[in-house]
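Participant: Shown below is the structure under consideration.
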Amino acid sequence: MSNYYTTPIYYVNGEAHIGHAYTTFITDMLARYSRLKGEETYFLTGTDEHGQKIEESALKAGKPTQQFADEISALFKNLWDEFEISYDQFIRTTDEAHKKGVQYAFKKMFDKGDIYKGEYEGNYCVSCETFFPESQLIDGEFCPDCGRTTTTVKEESYFFKLSAYEQKLLDFYEATPDFILPKSRRNEVINFVKGGLHDLSVTRTSFSWGVPMPKELNDDKHVMYVWLDALLNYVTALGYGQDEAKMHLWPAQMHVVGKDILRFHAIYWPAFLMSLDLPLPRHIAAHGWWTRDGEKMSKSKGNVVFPKEVSDAYGAENLRYFMMREVPFGQDGDFSQRAFIDRINSDLSNDLGNLLNRIIGMSGKYSDFLVDSVDVEKYHAAELEEMYEILDNVEKFLDEVQTHRFLEELWKVFTIGNRAIEAHAPWTKVKEGKTDEALATVALVANVLAKASVLLHPFMPKTTNTIADTLGFTIDTESYNSLLKEKKLLATFTIKPVGPLFPRVDEPLIPEAPKAMMEAEKPKESKKESKKAEAPKEEAAGLITFDEFFNTTLKVGTIVEAEEVPKSKKLLKLQVDLGEGELRQIVAGIKDYYSAEELLNTQVCVVANLKPAKLMGILSAGMLLAAKDDEGLCLVRPEKPRKAGASIG
Ligand code: MSP
């Protein structure tokens, strides 16, 4: 059985940030781990280059679309090369071979009767490249995923009969409980499918930057929907429909994705594959969303964390370690330099680095760096047993991508090493003439470090190679088998001293997020989830602190102007007096419940410190409080008139 791992293919509309790096690090780690075990492994990454979003970004940048895509795709590839990501193939959806494969697949689904021609009318979010039914839109207009304005699209389209796969998908989820990882995300997918699947529009006529239709269909005003095109990369990379030499690698062992694109991978993709009579991937693993200092990262906020900036300052492997150690897989994670520095100083420098330094120092003094495992079992049987208990049980965490649990457990063996040194105090033993015993402790620790380094290798390849070099062995499948599976101890070797591997860090090494963002740097338990985030269990109770409540500025406002927003079904544009001298413009989705006239000169309660946002291109600098139930919406107003700007709370 082979292990084929994939990252999502990245959109070429902007530079990579640490969210993208995280997906790639995890996949790289899994591929390296699989190779370490000696299994046939293939690792695919690449870029997703078609669709309206890319076309528009290129236009904004004033560049021909292909050139724009070439440049950004190269940025991704160079970044992964700098990070020594061990991919076997980097696919681009503008590659000719990929396009041919997509056309082949489309034709096959069409011939099977799974694709038919019809007309589409719907609400499209260009940013998410997704259609949404009216019922899912916020205020009838805004994208439920990203909040941006959707556009109404009416066009001829080919449809994939997704509805025909509803039951087959449900049966499949039922029969394959570990298809979706973490398993906690499974129900979300099942419920979505149970809610009913609409046929999926899989072509567009409103733009041309996409894979053209198969020639046989003679319908060149259509191009393929970007998600159909993109998902198929996982098989076109193996030559699907053309030179199928690599198709034996299919099905994928795991597609690693972010939770935002789980639906595409766990619903659409299996349905497409069923239609093509191809086996389904073994797992879809969905990770959480990264924020910075508790805030969603975005270019406009200027708080994006760029992987290269961080790795130049802190080291690429330290970053890999931090990201995979800090966050339970599937949950959202926060990038804060404080947390990162703590991990470097405590886990890496203290627990691991010092342990290595200690045996380098001791072996230098007591045995001219010679380390011999001959007496380890005699003096340290208990520690060996304790260590194997951990090492024998740690790998199971990687089967479910529980990277943080894996690393947490693995670190316990360093504690065994450190404790053994304290308890056996080799320096006293040497003074007492019991040099054998002292050297056995040094050798025990060398073995602890060697075995742990092999398992840590997929996370920190270079660092662990340096440790292995110091300890006179090489990390490969052979040493994995002998040190971990056969539980052999290291052969006699001479330590090659090395300087500190993890210099301590005292101060943040990159500029902090802009000031406005820093207010959001709150203690962990009070961090607010981003809009898309799913609250971890302990936060689910939804309790906030006193301080957090008062982070929201609520004021009484008087509406002094009100008018309808042209072409909008729900929006009213209001000018509100908040006692600030200038009026505040607020756009509110309340037209179904209030006319502009009746709002004039009435008072409302306003969230006054919301970051301004644009709704249908109109700036809105605040939000009205309203109550909503089955019977509709009503504004929350002060019981008696108050001065404009009176504070609430
Ligand atoms: N092109 C599609 C994927 C098609 S796969 C057939 C896409 N591209 S993306 O560039 O927008 O995102 C790629 C990956 O980066 C996704 O897994 C997404 O979850 C991840 N991340 C992007 N921003 C992120 C964070 N802030 N945090 C964590 N990961 C996030 O979607």
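By order in the structure tokens, chains are A, B, ...; within a chain, residues start at 1; ligands start at 1, following the order shown.
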Counting only C-alpha atoms and all ligand atoms, what are the residues, protein, DNA or RNA alike, that approach ligand 1 to within 7 Å? I want them as a list of chain:residue names.

Facilitator: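 What falls inside 7 Å of ligand 1 is A:Pro8, A:Ile9, A:Tyr10, A:Tyr11, A:Ile18, A:Gly19, A:His20, A:Tyr22, A:Thr23, A:Asp48, A:Trp227, A:Ala230, A:Leu231, A:Asn233, A:Val257, A:Gly258, A:Lys259, A:Asp260, A:Ile261, A:Gly288, A:Trp289, A:Trp290, A:Thr291, A:Lys296, A:Met297.
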
Participant: Please save N, CA and C atoms of the selected residues as a PDB file, in the first residue's frame.

Facilitator:
```pdb
ATOM      1  N   PRO A   8      -3.807  21.280  -0.091  1.00  0.00           N
ATOM      2  CA  PRO A   8      -4.688  21.932  -1.064  1.00  0.00           C
ATOM      3  C   PRO A   8      -3.781  22.645  -2.064  1.00  0.00           C
ATOM      4  N   ILE A   9      -4.290  22.928  -3.238  1.00  0.00           N
ATOM      5  CA  ILE A   9      -3.486  23.758  -4.130  1.00  0.00           C
ATOM      6  C   ILE A   9      -3.875  25.210  -3.818  1.00  0.00           C
ATOM      7  N   TYR A  10      -2.852  26.054  -3.714  1.00  0.00           N
ATOM      8  CA  TYR A  10      -3.054  27.409  -3.192  1.00  0.00           C
ATOM      9  C   TYR A  10      -3.463  28.378  -4.302  1.00  0.00           C
ATOM     10  N   TYR A  11      -4.408  29.234  -3.976  1.00  0.00           N
ATOM     11  CA  TYR A  11      -4.822  30.267  -4.930  1.00  0.00           C
ATOM     12  C   TYR A  11      -3.656  31.212  -5.170  1.00  0.00           C
ATOM     13  N   ILE A  18       1.193  32.341   7.212  1.00  0.00           N
ATOM     14  CA  ILE A  18       1.465  31.153   8.034  1.00  0.00           C
ATOM     15  C   ILE A  18       0.329  30.134   8.019  1.00  0.00           C
ATOM     16  N   GLY A  19      -0.896  30.563   7.637  1.00  0.00           N
ATOM     17  CA  GLY A  19      -1.986  29.590   7.502  1.00  0.00           C
ATOM     18  C   GLY A  19      -1.649  28.588   6.405  1.00  0.00           C
ATOM     19  N   HIS A  20      -1.196  29.104   5.272  1.00  0.00           N
ATOM     20  CA  HIS A  20      -0.805  28.211   4.174  1.00  0.00           C
ATOM     21  C   HIS A  20       0.385  27.343   4.595  1.00  0.00           C
ATOM     22  N   TYR A  22       1.150  26.324   7.479  1.00  0.00           N
ATOM     23  CA  TYR A  22       0.720  25.287   8.429  1.00  0.00           C
ATOM     24  C   TYR A  22       0.222  24.050   7.684  1.00  0.00           C
ATOM     25  N   THR A  23      -0.673  24.258   6.699  1.00  0.00           N
ATOM     26  CA  THR A  23      -1.174  23.118   5.912  1.00  0.00           C
ATOM     27  C   THR A  23       0.004  22.354   5.309  1.00  0.00           C
ATOM     28  N   ASP A  48      -3.515  26.732  -7.511  1.00  0.00           N
ATOM     29  CA  ASP A  48      -4.855  26.734  -8.098  1.00  0.00           C
ATOM     30  C   ASP A  48      -4.987  28.073  -8.826  1.00  0.00           C
ATOM     31  N   TRP A 227     -13.668  24.949  -8.811  1.00  0.00           N
ATOM     32  CA  TRP A 227     -13.521  23.878  -7.825  1.00  0.00           C
ATOM     33  C   TRP A 227     -13.497  22.489  -8.471  1.00  0.00           C
ATOM     34  N   ALA A 230     -10.051  22.347  -9.783  1.00  0.00           N
ATOM     35  CA  ALA A 230      -9.045  22.263  -8.718  1.00  0.00           C
ATOM     36  C   ALA A 230      -9.021  20.879  -8.058  1.00  0.00           C
ATOM     37  N   LEU A 231     -10.189  20.367  -7.707  1.00  0.00           N
ATOM     38  CA  LEU A 231     -10.207  19.087  -6.991  1.00  0.00           C
ATOM     39  C   LEU A 231      -9.592  17.969  -7.830  1.00  0.00           C
ATOM     40  N   ASN A 233      -7.121  18.031  -9.523  1.00  0.00           N
ATOM     41  CA  ASN A 233      -5.648  18.016  -9.548  1.00  0.00           C
ATOM     42  C   ASN A 233      -5.081  16.795  -8.838  1.00  0.00           C
ATOM     43  N   VAL A 257      -6.402  19.590   4.581  1.00  0.00           N
ATOM     44  CA  VAL A 257      -7.083  20.825   4.164  1.00  0.00           C
ATOM     45  C   VAL A 257      -7.393  21.679   5.388  1.00  0.00           C
ATOM     46  N   GLY A 258      -7.735  22.938   5.159  1.00  0.00           N
ATOM     47  CA  GLY A 258      -8.242  23.770   6.247  1.00  0.00           C
ATOM     48  C   GLY A 258      -9.744  23.530   6.381  1.00  0.00           C
ATOM     49  N   LYS A 259     -10.283  23.848   7.551  1.00  0.00           N
ATOM     50  CA  LYS A 259     -11.702  23.533   7.787  1.00  0.00           C
ATOM     51  C   LYS A 259     -12.619  24.293   6.828  1.00  0.00           C
ATOM     52  N   ASP A 260     -12.134  25.420   6.297  1.00  0.00           N
ATOM     53  CA  ASP A 260     -12.965  26.208   5.381  1.00  0.00           C
ATOM     54  C   ASP A 260     -13.232  25.486   4.072  1.00  0.00           C
ATOM     55  N   ILE A 261     -12.384  24.513   3.736  1.00  0.00           N
ATOM     56  CA  ILE A 261     -12.610  23.837   2.456  1.00  0.00           C
ATOM     57  C   ILE A 261     -12.912  22.350   2.654  1.00  0.00           C
ATOM     58  N   GLY A 288      -7.620  23.669  11.800  1.00  0.00           N
ATOM     59  CA  GLY A 288      -8.321  24.911  12.153  1.00  0.00           C
ATOM     60  C   GLY A 288      -7.678  26.127  11.523  1.00  0.00           C
ATOM     61  N   TRP A 289      -8.121  27.256  11.977  1.00  0.00           N
ATOM     62  CA  TRP A 289      -7.769  28.529  11.368  1.00  0.00           C
ATOM     63  C   TRP A 289      -6.759  29.247  12.248  1.00  0.00           C
ATOM     64  N   TRP A 290      -5.724  29.839  11.672  1.00  0.00           N
ATOM     65  CA  TRP A 290      -4.743  30.594  12.472  1.00  0.00           C
ATOM     66  C   TRP A 290      -5.092  32.079  12.511  1.00  0.00           C
ATOM     67  N   THR A 291      -4.998  32.616  13.701  1.00  0.00           N
ATOM     68  CA  THR A 291      -5.185  34.054  13.866  1.00  0.00           C
ATOM     69  C   THR A 291      -3.872  34.637  14.381  1.00  0.00           C
ATOM     70  N   LYS A 296      -8.235  37.822  13.255  1.00  0.00           N
ATOM     71  CA  LYS A 296      -8.122  37.228  11.932  1.00  0.00           C
ATOM     72  C   LYS A 296      -7.068  38.001  11.131  1.00  0.00           C
ATOM     73  N   MET A 297      -6.234  37.262  10.392  1.00  0.00           N
ATOM     74  CA  MET A 297      -5.198  37.969   9.623  1.00  0.00           C
ATOM     75  C   MET A 297      -5.776  38.510   8.327  1.00  0.00           C
TER      76      MET A 297
END
```

Participant: Find the residues near Glu134 of chain A: any atom within 12 Å, counting only C-alpha atoms, skip ones fewer than 5 places away on the same chain, and give them as a ChimeraX atom specification.

Facilitator: /A:121-124,139-144,150-152

Participant: Of the candidates A:Ile648, A:Val587, A:Ser206, A:Pro133, which one gets nearest to Ile618 of chain A if we count only C-alpha atoms?

Facilitator: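 The answer is A:Val587, which sits nearest to Ile618 of chain A.
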
Participant: What's around Asp81 of chain A at 12 Å? Count only C-alpha atoms, leave out sequence neighbours fewer than 4 positions away in its own chain, and write the answer as a list in words.

Facilitator: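 Here the answer would be Ala21, Thr24, Asp28, Thr45, Ala74, Leu75, Phe76, Lys77, Ile85, Ser86, Tyr87, Asp88, Gln89, Phe90, Lys308 and Ala316 of chain A.
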
Participant: Can you tell me, as an MDAnalysis selection string, what residues are no more than 7 Å from segment 597-603 of chain A when counting only C-alpha atoms, ignoring any on the same chain fewer than 2 positions away?

Facilitator: chainID A and resid 556:562 594:595 637

Participant: Now that the selection is made, can you save its residues with all heavy atoms as a PDB file, in the first residue's frame?

Facilitator:
```
ATOM      1  N   VAL A 556     -25.852  55.573  22.860  1.00  0.00           N
ATOM      2  CA  VAL A 556     -27.148  55.966  22.312  1.00  0.00           C
ATOM      3  C   VAL A 556     -26.886  56.896  21.127  1.00  0.00           C
ATOM      4  O   VAL A 556     -26.026  57.786  21.201  1.00  0.00           O
ATOM      5  CB  VAL A 556     -27.983  56.709  23.377  1.00  0.00           C
ATOM      6  CG1 VAL A 556     -29.263  57.274  22.758  1.00  0.00           C
ATOM      7  CG2 VAL A 556     -28.302  55.771  24.529  1.00  0.00           C
ATOM      8  N   GLY A 557     -27.590  56.658  20.032  1.00  0.00           N
ATOM      9  CA  GLY A 557     -27.413  57.512  18.858  1.00  0.00           C
ATOM     10  C   GLY A 557     -28.761  58.022  18.358  1.00  0.00           C
ATOM     11  O   GLY A 557     -29.788  57.356  18.548  1.00  0.00           O
ATOM     12  N   THR A 558     -28.743  59.210  17.742  1.00  0.00           N
ATOM     13  CA  THR A 558     -29.976  59.740  17.151  1.00  0.00           C
ATOM     14  C   THR A 558     -29.828  59.711  15.631  1.00  0.00           C
ATOM     15  O   THR A 558     -28.828  60.203  15.091  1.00  0.00           O
ATOM     16  CB  THR A 558     -30.206  61.197  17.613  1.00  0.00           C
ATOM     17  OG1 THR A 558     -30.148  61.205  19.040  1.00  0.00           O
ATOM     18  CG2 THR A 558     -31.549  61.723  17.140  1.00  0.00           C
ATOM     19  N   ILE A 559     -30.819  59.093  14.975  1.00  0.00           N
ATOM     20  CA  ILE A 559     -30.736  58.997  13.509  1.00  0.00           C
ATOM     21  C   ILE A 559     -31.181  60.330  12.915  1.00  0.00           C
ATOM     22  O   ILE A 559     -32.327  60.752  13.099  1.00  0.00           O
ATOM     23  CB  ILE A 559     -31.638  57.854  12.996  1.00  0.00           C
ATOM     24  CG1 ILE A 559     -31.167  56.524  13.613  1.00  0.00           C
ATOM     25  CG2 ILE A 559     -31.637  57.790  11.475  1.00  0.00           C
ATOM     26  CD1 ILE A 559     -31.972  55.320  13.238  1.00  0.00           C
ATOM     27  N   VAL A 560     -30.256  60.987  12.230  1.00  0.00           N
ATOM     28  CA  VAL A 560     -30.625  62.297  11.683  1.00  0.00           C
ATOM     29  C   VAL A 560     -30.851  62.264  10.168  1.00  0.00           C
ATOM     30  O   VAL A 560     -31.456  63.173   9.606  1.00  0.00           O
ATOM     31  CB  VAL A 560     -29.600  63.394  12.048  1.00  0.00           C
ATOM     32  CG1 VAL A 560     -29.608  63.660  13.528  1.00  0.00           C
ATOM     33  CG2 VAL A 560     -28.211  63.016  11.602  1.00  0.00           C
ATOM     34  N   GLU A 561     -30.369  61.257   9.510  1.00  0.00           N
ATOM     35  CA  GLU A 561     -30.686  61.079   8.085  1.00  0.00           C
ATOM     36  C   GLU A 561     -30.871  59.603   7.837  1.00  0.00           C
ATOM     37  O   GLU A 561     -30.199  58.779   8.462  1.00  0.00           O
ATOM     38  CB  GLU A 561     -29.522  61.546   7.194  1.00  0.00           C
ATOM     39  CG  GLU A 561     -29.434  63.033   6.979  1.00  0.00           C
ATOM     40  CD  GLU A 561     -28.164  63.390   6.207  1.00  0.00           C
ATOM     41  OE1 GLU A 561     -27.817  62.659   5.249  1.00  0.00           O
ATOM     42  OE2 GLU A 561     -27.517  64.372   6.593  1.00  0.00           O
ATOM     43  N   ALA A 562     -31.767  59.249   6.906  1.00  0.00           N
ATOM     44  CA  ALA A 562     -31.953  57.829   6.567  1.00  0.00           C
ATOM     45  C   ALA A 562     -32.381  57.735   5.115  1.00  0.00           C
ATOM     46  O   ALA A 562     -33.237  58.502   4.661  1.00  0.00           O
ATOM     47  CB  ALA A 562     -33.017  57.215   7.479  1.00  0.00           C
ATOM     48  N   TYR A 594     -38.215  48.394   8.770  1.00  0.00           N
ATOM     49  CA  TYR A 594     -38.373  49.835   9.006  1.00  0.00           C
ATOM     50  C   TYR A 594     -38.226  50.596   7.694  1.00  0.00           C
ATOM     51  O   TYR A 594     -37.361  50.249   6.882  1.00  0.00           O
ATOM     52  CB  TYR A 594     -37.287  50.356   9.965  1.00  0.00           C
ATOM     53  CG  TYR A 594     -37.396  49.792  11.367  1.00  0.00           C
ATOM     54  CD1 TYR A 594     -36.717  48.635  11.713  1.00  0.00           C
ATOM     55  CD2 TYR A 594     -38.174  50.430  12.335  1.00  0.00           C
ATOM     56  CE1 TYR A 594     -36.812  48.101  12.992  1.00  0.00           C
ATOM     57  CE2 TYR A 594     -38.270  49.910  13.616  1.00  0.00           C
ATOM     58  CZ  TYR A 594     -37.593  48.739  13.942  1.00  0.00           C
ATOM     59  OH  TYR A 594     -37.695  48.235  15.210  1.00  0.00           O
ATOM     60  N   SER A 595     -39.026  51.628   7.525  1.00  0.00           N
ATOM     61  CA  SER A 595     -38.806  52.495   6.367  1.00  0.00           C
ATOM     62  C   SER A 595     -37.832  53.588   6.802  1.00  0.00           C
ATOM     63  O   SER A 595     -37.688  53.874   8.009  1.00  0.00           O
ATOM     64  CB  SER A 595     -40.129  53.122   5.922  1.00  0.00           C
ATOM     65  OG  SER A 595     -40.575  54.006   6.927  1.00  0.00           O
ATOM     66  N   ARG A 637     -33.981  50.166  21.718  1.00  0.00           N
ATOM     67  CA  ARG A 637     -33.880  51.621  21.875  1.00  0.00           C
ATOM     68  C   ARG A 637     -33.880  51.989  23.356  1.00  0.00           C
ATOM     69  O   ARG A 637     -34.425  51.245  24.172  1.00  0.00           O
ATOM     70  CB  ARG A 637     -35.100  52.301  21.230  1.00  0.00           C
ATOM     71  CG  ARG A 637     -35.299  52.000  19.744  1.00  0.00           C
ATOM     72  CD  ARG A 637     -36.613  52.633  19.321  1.00  0.00           C
ATOM     73  NE  ARG A 637     -37.021  52.376  17.962  1.00  0.00           N
ATOM     74  CZ  ARG A 637     -36.577  53.029  16.891  1.00  0.00           C
ATOM     75  NH1 ARG A 637     -35.645  53.946  17.014  1.00  0.00           N
ATOM     76  NH2 ARG A 637     -37.051  52.763  15.698  1.00  0.00           N
TER      77      ARG A 637
END
```

Participant: With only C-alpha atoms as the counted atoms, please give the residues lying no more than 10 Å from Leu571 of chain A, apart from itself and same-chain residues fewer than 5 positions off, as a ChimeraX atom specification.

Facilitator: /A:139-141,563-566,587-592,596,615-616

Participant: So that I can see what lies close to Ile190 of chain A, please list as a list in words the residues with an atom at most 10 Å from it, counting only C-alpha atoms and leaving out residues fewer than 2 positions away in the same chain.

Facilitator: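 Counting only C-alpha atoms, the residues come to Glu166, Leu169, Leu170, Tyr173, Glu174, Arg185, Arg186, Asn187, Glu188, Phe192, Val193, Lys194, Gly195, Ala266 and Ile267 of chain A.
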
Participant: Include N, CA and C atoms and write out the residues we just selected as a short mmCIF file (atom, residue, chain, number, x, y, z; two decimals), in the first residue's frame.

Facilitator:
```cif
data_model
loop_
_atom_site.label_atom_id
_atom_site.label_comp_id
_atom_site.auth_asym_id
_atom_site.auth_seq_id
_atom_site.Cartn_x
_atom_site.Cartn_y
_atom_site.Cartn_z
N GLU A 166 -26.52 11.89 -2.80
CA GLU A 166 -26.79 12.14 -1.39
C GLU A 166 -26.71 10.86 -0.54
N LEU A 169 -23.35 9.08 -0.48
CA LEU A 169 -22.39 9.75 0.40
C LEU A 169 -22.67 9.40 1.86
N LEU A 170 -23.95 9.47 2.22
CA LEU A 170 -24.29 9.18 3.62
C LEU A 170 -23.90 7.74 3.98
N TYR A 173 -20.13 7.69 4.51
CA TYR A 173 -19.68 8.25 5.81
C TYR A 173 -19.96 7.24 6.93
N GLU A 174 -21.11 6.62 6.83
CA GLU A 174 -21.52 5.65 7.85
C GLU A 174 -20.52 4.48 7.90
N ARG A 185 -15.47 16.58 13.36
CA ARG A 185 -16.01 17.37 12.23
C ARG A 185 -16.98 16.55 11.36
N ARG A 186 -17.08 15.27 11.68
CA ARG A 186 -17.84 14.37 10.82
C ARG A 186 -19.31 14.77 10.75
N ASN A 187 -19.87 15.07 11.91
CA ASN A 187 -21.30 15.35 11.95
C ASN A 187 -21.68 16.57 11.15
N GLU A 188 -20.81 17.55 11.17
CA GLU A 188 -21.06 18.78 10.44
C GLU A 188 -21.25 18.46 8.94
N PHE A 192 -24.85 18.50 6.80
CA PHE A 192 -24.95 19.30 5.57
C PHE A 192 -25.57 18.46 4.46
N VAL A 193 -25.10 17.23 4.33
CA VAL A 193 -25.63 16.37 3.26
C VAL A 193 -27.09 16.02 3.54
N LYS A 194 -27.37 15.72 4.81
CA LYS A 194 -28.76 15.39 5.17
C LYS A 194 -29.70 16.55 4.89
N GLY A 195 -29.15 17.76 4.97
CA GLY A 195 -29.96 18.95 4.70
C GLY A 195 -30.40 19.03 3.24
N ALA A 266 -14.99 16.79 1.31
CA ALA A 266 -15.68 15.66 1.93
C ALA A 266 -17.03 15.39 1.26
N ILE A 267 -17.51 16.32 0.43
CA ILE A 267 -18.80 16.10 -0.23
C ILE A 267 -18.64 16.09 -1.75
#
```

Participant: As a PDB file with N, CA and C atoms, in the first residue's frame, please: the residues near Tyr379 of chain A (cut-off 7 Å, only C-alpha atoms, same-chain neighbours under 4 positions excluded).

Facilitator:
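This went into result-v6.pdb:
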```
ATOM      1  N   ASP A 375      26.354  -0.949  29.597  1.00  0.00           N
ATOM      2  CA  ASP A 375      25.819  -1.112  30.961  1.00  0.00           C
ATOM      3  C   ASP A 375      24.457  -0.451  31.179  1.00  0.00           C
ATOM      4  N   GLU A 437      29.057   3.206  36.174  1.00  0.00           N
ATOM      5  CA  GLU A 437      27.678   3.613  36.422  1.00  0.00           C
ATOM      6  C   GLU A 437      27.413   5.004  35.824  1.00  0.00           C
ATOM      7  N   ALA A 440      27.055   4.767  32.197  1.00  0.00           N
ATOM      8  CA  ALA A 440      25.787   4.126  31.801  1.00  0.00           C
ATOM      9  C   ALA A 440      24.683   5.179  31.754  1.00  0.00           C
TER      10      ALA A 440
END
```

Participant: Mind checking DSSP for segment 277-366 of chain A and telling me the helix (DSSP H, G or I) residues as a ChimeraX atom specification?

Facilitator: /A:307-314,316-326,337-366

Participant: Under the rule that only C-alpha atoms are counted, which of A:His265, A:Arg204, A:Arg358, A:His98 is the nearest residue to Tyr240 of chain A?

Facilitator: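 Of the candidates, the smallest distance to Tyr240 of chain A is held by A:His98.
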
Participant: Do you have the atom CA of Glu395 of chain A-atom CA of Ala31 of chain A distance handy?

Facilitator: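 It comes out at 14.2 Å.
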
Participant: Record the distance separating atom CA of Met362 of chain A and atom CA of Leu439 of chain A, expressed in Å with one decimal.

Facilitator: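 Those two atoms sit 8.6 Å apart.
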
Participant: Kindly indicate which residue among A:Glu317, A:Thr415, A:Thr6, A:Tyr593 lies nearest to Ala627 of chain A, using only C-alpha atoms for the distances.

Facilitator: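 That would be A:Tyr593, the residue with the smallest distance to Ala627 of chain A.
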